[in-house]
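Below: the structure, in structure tokens.
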Amino acid sequence: MSAGLPIRSALYLYDKIWGTLLLFLRHNRRLGEGFAQRTLKSPLEPADLWIQAASVGEVYLALEIIKRLCPVNNTRILLTTNTRQGMEIIAKTASDLDPTQLRVQTRAAYCPLDRPSIMLQAVQQVSPQVVVLLESEIWPAMLSALKKAAIPVLIINGRMTARSLKHYRIWPGLWRWLQPAEVMAISQADAARFADLFKGAPVSTMHNIKFDRLSLPDAKTPIETDLNRLLGPQQPFVVLGSVRQQEEDLIARIIRKLHNNRPGAVIGLFPRHSHRISFWQKTLGQLNLSLKLRSQWKKPLKDGGVILWDTFGELGRAYESAQAAFVGGSLAPLGGQNFLEPLIYGVRPVIGPYWDNFKWVGDRIFDQDLVRSVKDWQTAAEMLIVDLMNPVDRKATRKAAWKYIKQHQGGTEQACRIIRKYLNI
């Protein structure tokens with residue numbers, strides 16, 4: 001079915017708007033990096049399978065698929081992402097993707113900008129057998145170019161909020177024309193929204209691939225780290241993880257209440273974004289709290305205080321050492337952050353009321369009291385104080401967490417089966 005005049009006219013106008021935007025986007029801090037790839041000045045290589053993974057989270061899902069695809073014949077894969085962080089993750093894990101063992105040859109690139117003329121050229125250069133879009137990557141020019149080339153599109157691990165659906169439904173005819181070959185959504189609610197948007201497209205549900213990425217650290221042989229040395233065996237330690245800018249004032253109140261009630265405790269503060277470090281240095285200084293940057297923490301704090309994490313990669317180990325943990329992105333309507341991470345380290349996390357991005361985890365995890373969702377910062381602080389005073393059995397918590405996770409694994413194999421079907425391998 002060819003596009004009608006209104007759709008063709010809209011795509012033409014969309015292309016012209018992009019043409020104007022490109023004059024400015026090359027100077028954008030985020031999009032300027034990799035601009036030659038984004039605009040195809042540096043061409044893309046041909047591939048059998050093209051996987052688009054927007055950022056870090058989706059890249060991890062793509063890597064799970066690549067590692068478990070197990071094609072019969074050698075398969076060329078193009079993995080594109082939109083962010084520098086996504087490219088960094090691919091580079092760090094490239095050594096794990098043994099092309100001989102996995103029978104895949106993976107190339108990474110920044111995803112081309114969604115200008116229709118650019119996307120038409122990109123599809124011609126890559127000429128894939130099938131394209132996989134992970135989670136919520138729905139771009140009109142990309143889908144249009146693939147439709148014109150008769151290349152099937154699969155949306156895998158699909159998720160769509162009610163708010164996003166409302167925006168897409170402004171032009172329902174466009175999305176009916178651009179509908180993918182199949183959609184595999186992570187919940188019945190997400191599947192219903194995709195079915196509403198892409199009327200007539202096959203839509204099914206699957207286990208979330210994120211569950212397949214979870215594994216319990218070895219409880220029998222805990223890894224000795226610098227963090228173990230800096231925290232005394234009896235010193236209370238609470239982690240405030242993945243704190244977002246919009247909730248900072250509320251987190252500051254939690255910190256003050258924790259310090260007033262448990263002055264000897266060490267509070268580990270992990271801002272989600274490193275550019276907020278300076279804000280926290282100023283704010284904690286105004287609260288007259290003992291403050292150390294993680295990079296400058298060289299000896300134990302016998303009288304407690306706040307450790308502001310300005311280094312990367314220790315959040316998991318911090319959870320492993322904590323008696324209590326709060327996971328941010330949840331006190332403001334931001335969708336939440338990953339509250340499963342502290343759980344697999346044996347600490348039951350506290351979160352705020354906003355965790356829409358993690359509805360895929362399911363309500364049963366709250367029914368089992370493995371994660372506690374509270375209505376406000378005061379209740380969060382009170383619960384953290386109780387946890388510091390009465391730490392839970394970490395071994396029992398880890399066992400219950402692993403049982404829950406195992407019941408929800410298998411999404412990667414579901415995804416691989418459908419991809420292999422379209423690759424004819």
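As shown in the structure tokens, the chain order sets the letters A, B, ...; within each chain, residues go from 1, and ligands are also counted from 1 in the order they appear.
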
Excluding Lys375 in chain A and residues on its chain fewer than 5 positions from it, collect all residues at most 8 Å away from it, counting only C-alpha atoms, and give them as number ranges by chain.
A: 352-353, 380

Need the shell around Ala318 in chain A: protein/DNA/RNA residues with any atom at most 8 Å away, counting only C-alpha atoms. Skip same-chain ones fewer than 6 positions apart. Format as a ChimeraX atom specification?
/A:227,239,268

Counting only C-alpha atoms, the residue of A:Trp139, A:Tyr168, A:Phe339, A:Trp355 that sits nearest Val371 in chain A:
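Closest to Val371 in chain A, using only C-alpha atoms: A:Phe339.
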
Each range 128-205 of chain A residue no farther than 10 Å from range 417-425 of chain A, nearest pair in Å, only C-alpha atoms, as CSV:
residue,atom,partner,partner_atom,distance
A:Pro128,CA,A:Leu423,CA,9.3
A:Gln129,CA,A:Leu423,CA,6.2
A:Val130,CA,A:Tyr422,CA,6.5
A:Val131,CA,A:Ile419,CA,8.9
A:Val132,CA,A:Ile419,CA,8.0
A:Ile151,CA,A:Tyr422,CA,9.9
A:Pro152,CA,A:Tyr422,CA,7.8
A:Val153,CA,A:Tyr422,CA,9.5
A:Leu154,CA,A:Ile419,CA,8.0
A:Ile156,CA,A:Ile418,CA,9.4
A:Ala181,CA,A:Tyr422,CA,9.8
A:Glu182,CA,A:Ile418,CA,9.1
A:Met184,CA,A:Ile418,CA,9.4

Preceding selection exported with C-alpha atoms as a CSV table (one decimal), in the first residue's frame:
chain,number,residue,atom,x,y,z
A,128,PRO,CA,19.1,-5.5,5.9
A,129,GLN,CA,16.8,-8.5,5.8
A,130,VAL,CA,15.1,-7.3,9.0
A,131,VAL,CA,15.2,-4.3,11.4
A,132,VAL,CA,14.7,-4.6,15.2
A,151,ILE,CA,12.0,-4.6,4.8
A,152,PRO,CA,10.1,-6.0,7.8
A,153,VAL,CA,10.4,-4.2,11.1
A,154,LEU,CA,10.1,-5.9,14.5
A,156,ILE,CA,10.9,-6.0,20.5
A,181,ALA,CA,5.6,-6.6,10.8
A,182,GLU,CA,5.2,-7.6,14.5
A,184,MET,CA,6.4,-8.0,21.1

Can you tell me which residues surround range 46-63 of chain A at a distance of at most 9 Å, considering only C-alpha atoms, apart from same-chain residues fewer than 6 positions away, and format the answer as an NGL selection string?
:A and (75-90 or 93 or 97 or 105-107 or 111 or 124-137 or 157 or 209-210 or 213 or 412 or 419 or 423)

Tell me, as a PyMOL selection string, which residues lie within 9 Å of Val327 in chain A, counting only C-alpha atoms; anything in the same chain fewer than 4 positions away does not count.
chain A and resi 239-243+336-339+342+349-352

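With only C-alpha atoms as the atoms that count, the minimum distance from Phe35 in chain A to the choices A:Pro112, A:Gly158, A:Gly264, A:Gly362 is reached by A:Pro112.
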